[in-house]
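Student: To start, I am sharing the structure in question, which I have written as structure tokens.
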Amino acid sequence: MPQQRVAFLGLGIMGSRMAANLVRSGFAVTVWNRTREKADAWSAEHGGDVAASPAEAAAGADAVVTMVVDGPQVESLLLGPGGASDAAAEGTLFVDMSTIAPSDTRRIGAALAERGQRFVDAPVTGSAPKAQDGTLTIMAGGASEDIDRAMPLFEAMGEVIVHVGELGQGQMLKVIGNAVAAANLSTLAQAMLVARKTDVDLDAFTRVLGAGSGGSTMLTLKADALRRHDYTPLFKLEHMLKDVRLCLEEGQRAGVPFPAAAEVREVLTAGMGRGHAEDDFAAVLEVLEGLSGVRL
Ligand SMILES: NC(=O)c1ccc[n+]([C@@H]2O[C@H](COP(=O)([O-])OP(=O)(O)OC[C@H]3O[C@@H](n4cnc5c(N)ncnc54)[C@H](OP(=O)(O)O)[C@@H]3O)[C@@H](O)[C@H]2O)c1
């Protein structure tokens, strides 16, 4: 059983579950969270130590995992005042599992490399249920030797683990994937509203689409929640908007349009305007209902 010391920074929907799987797998975990009470509650449930700062968590750690919202947050936790890098030894492995801009990843990696520290990006898909079960898909970018070092951590948290390329390529693949997921969900919600208005039975809709080429993971995961207008946050709408924006920015830089992503960015933006930032991104349904005047 591994006894490596791991600092885990960020105990939100995903991080709280992922860190718990590290404890279950035998790692010695020290957690830090911006809101201290959440870290104390987590520790009372799962064990592990609570640190007062990212630096305190990182002191003596073999690996430092981040699971916060965006690039500026990761940069500040690792490289800002009281940041983890200052307290970590040379050779420490930093593993960022948040979804952030690939350019931020490369910049943070370069700064850590100047201090003799290692960095891999390892964003995930699977949302809260797979974070809970330790069955996330993990797409990792970085040097092979660093990915190898991180592999025991990945195996404790994930099921499908893919080394996708150099540092930053995990993030690039992740934001592309989320743009596809958001566009799929929006398309599904639009289709369900047409079905509702034209008196198509929605049970039949789900069964028939699911058995054919109109089916999708979003149909399987979200059709029932949409029908119940249940927006319990598994993946917050504001985070999905962040990822779609990041994908569009990278596409624009590369000179490649992604019209479906641009469309769903506007739908998600309208969701923000309607006050659904903290709701699940399934709340795009509210926007589409407003647009169509149809209630699902
Ligand atoms: N949920 C999903 O399905 C899912 C799936 C794949 C990837 N992701 C990605 O994983 C990351 C985390 O997502 P989540 O769903 O776990 O988000 P979340 O529930 O909103 O948790 C966010 C975490 O970041 C911390 N945080 C927020 N602002 C901060 C700041 N300024 N400084 C330091 N810490 C800060 C929060 O601390 P507090 O407790 O103090 O607020 C919390 O620990 C995001 O990049 C997201 O895009 C999410």
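Letters for chains follow the order of the structure tokens (A, B, ...), residue numbers begin at 1 for each chain, and ligand numbers begin at 1 in the order shown.
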Could you produce a table of the residues of chain A lying within 8 Å of ligand 1, with the nearest pair of atoms per residue and their separation in Å rounded to one decimal, using only C-alpha atoms and all ligand atoms, ordered by chain and increasing residue number, as a Markdown table?
Tutor:
```
| residue | atom | partner | partner_atom_place_in_ligand_line | distance |
| --- | --- | --- | --- | --- |
| A:Leu9 | CA | ligand 1 | 43 (O) | 7.3 |
| A:Gly10 | CA | ligand 1 | 43 (O) | 3.6 |
| A:Leu11 | CA | ligand 1 | 43 (O) | 3.9 |
| A:Gly12 | CA | ligand 1 | 21 (O) | 3.2 |
| A:Ile13 | CA | ligand 1 | 19 (O) | 3.8 |
| A:Met14 | CA | ligand 1 | 16 (O) | 3.7 |
| A:Gly15 | CA | ligand 1 | 16 (O) | 5.4 |
| A:Ser16 | CA | ligand 1 | 16 (O) | 7.6 |
| A:Asn33 | CA | ligand 1 | 43 (O) | 5.5 |
| A:Arg34 | CA | ligand 1 | 40 (O) | 3.9 |
| A:Thr35 | CA | ligand 1 | 40 (O) | 3.7 |
| A:Arg36 | CA | ligand 1 | 40 (O) | 7.2 |
| A:Lys38 | CA | ligand 1 | 39 (O) | 6.3 |
| A:Met67 | CA | ligand 1 | 12 (C) | 5.3 |
| A:Val68 | CA | ligand 1 | 24 (O) | 3.5 |
| A:Val69 | CA | ligand 1 | 45 (O) | 3.8 |
| A:Asp70 | CA | ligand 1 | 45 (O) | 5.4 |
| A:Gln73 | CA | ligand 1 | 32 (N) | 5.2 |
| A:Val74 | CA | ligand 1 | 33 (C) | 7.7 |
| A:Ser76 | CA | ligand 1 | 32 (N) | 7.6 |
| A:Leu77 | CA | ligand 1 | 33 (C) | 6.8 |
| A:Met97 | CA | ligand 1 | 10 (O) | 6.7 |
| A:Ser98 | CA | ligand 1 | 45 (O) | 3.8 |
| A:Thr99 | CA | ligand 1 | 45 (O) | 3.8 |
| A:Ile100 | CA | ligand 1 | 45 (O) | 6.1 |
| A:Pro123 | CA | ligand 1 | 7 (C) | 6.3 |
| A:Val124 | CA | ligand 1 | 6 (C) | 4.9 |
| A:Thr125 | CA | ligand 1 | 6 (C) | 4.5 |
| A:Gly126 | CA | ligand 1 | 5 (C) | 5.8 |
| A:Ser127 | CA | ligand 1 | 3 (O) | 3.1 |
| A:Ala128 | CA | ligand 1 | 3 (O) | 5.5 |
| A:Pro233 | CA | ligand 1 | 1 (N) | 7.6 |
| A:Leu234 | CA | ligand 1 | 1 (N) | 5.1 |
| A:Phe235 | CA | ligand 1 | 1 (N) | 3.7 |
| A:Lys236 | CA | ligand 1 | 15 (O) | 6.3 |
| A:His239 | CA | ligand 1 | 47 (O) | 5.0 |
| A:Met240 | CA | ligand 1 | 47 (O) | 6.6 |
| A:Lys242 | CA | ligand 1 | 47 (O) | 7.4 |
| A:Asp243 | CA | ligand 1 | 47 (O) | 6.8 |
| A:Glu278 | CA | ligand 1 | 20 (O) | 8.0 |
```
Student: Out of stretch 145-233 of chain A, which residues get strand (DSSP E) from DSSP, as a ChimeraX atom specification?
Tutor: /A:158-165
Student: Assign secondary structure with DSSP using the backbone only, and return the residues of stretch 58-220 of chain A in alpha helix (DSSP H) as a ChimeraX atom specification.
Tutor: /A:58,71-79,84-87,102-114,127-133,144-157,169-197,202-210,217-220
Student: Just want the 6 Å neighbourhood of stretch 215-229 of chain A, counted on only C-alpha atoms, with same-chain residues fewer than 4 positions away dropped. Output as an NGL selection string.
Tutor: :A and (185 or 209-210)
Student: Between A:Val29, A:Leu288, A:Val164, A:Ala179, which residue has the minimum interatomic distance to A:Leu241, considering only C-alpha atoms?
Tutor: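 With only C-alpha atoms as the atom set, the closest residue is A:Ala179.
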Student: Determine, counting only C-alpha atoms, which protein, DNA and RNA residues have an atom within 12 Å of an atom of stretch 245-252 of chain A; residues of the same chain fewer than 2 positions away are not included. Present the result as JSON, numbers by chain.
Tutor: {"A": [70, 71, 99, 100, 101, 102, 103, 104, 168, 169, 171, 172, 173, 174, 175, 176, 177, 178, 179, 180, 182, 238, 239, 240, 241, 242, 243, 254, 255, 256, 257, 258, 259, 260, 261, 262, 263, 264, 265, 266, 268, 269]}
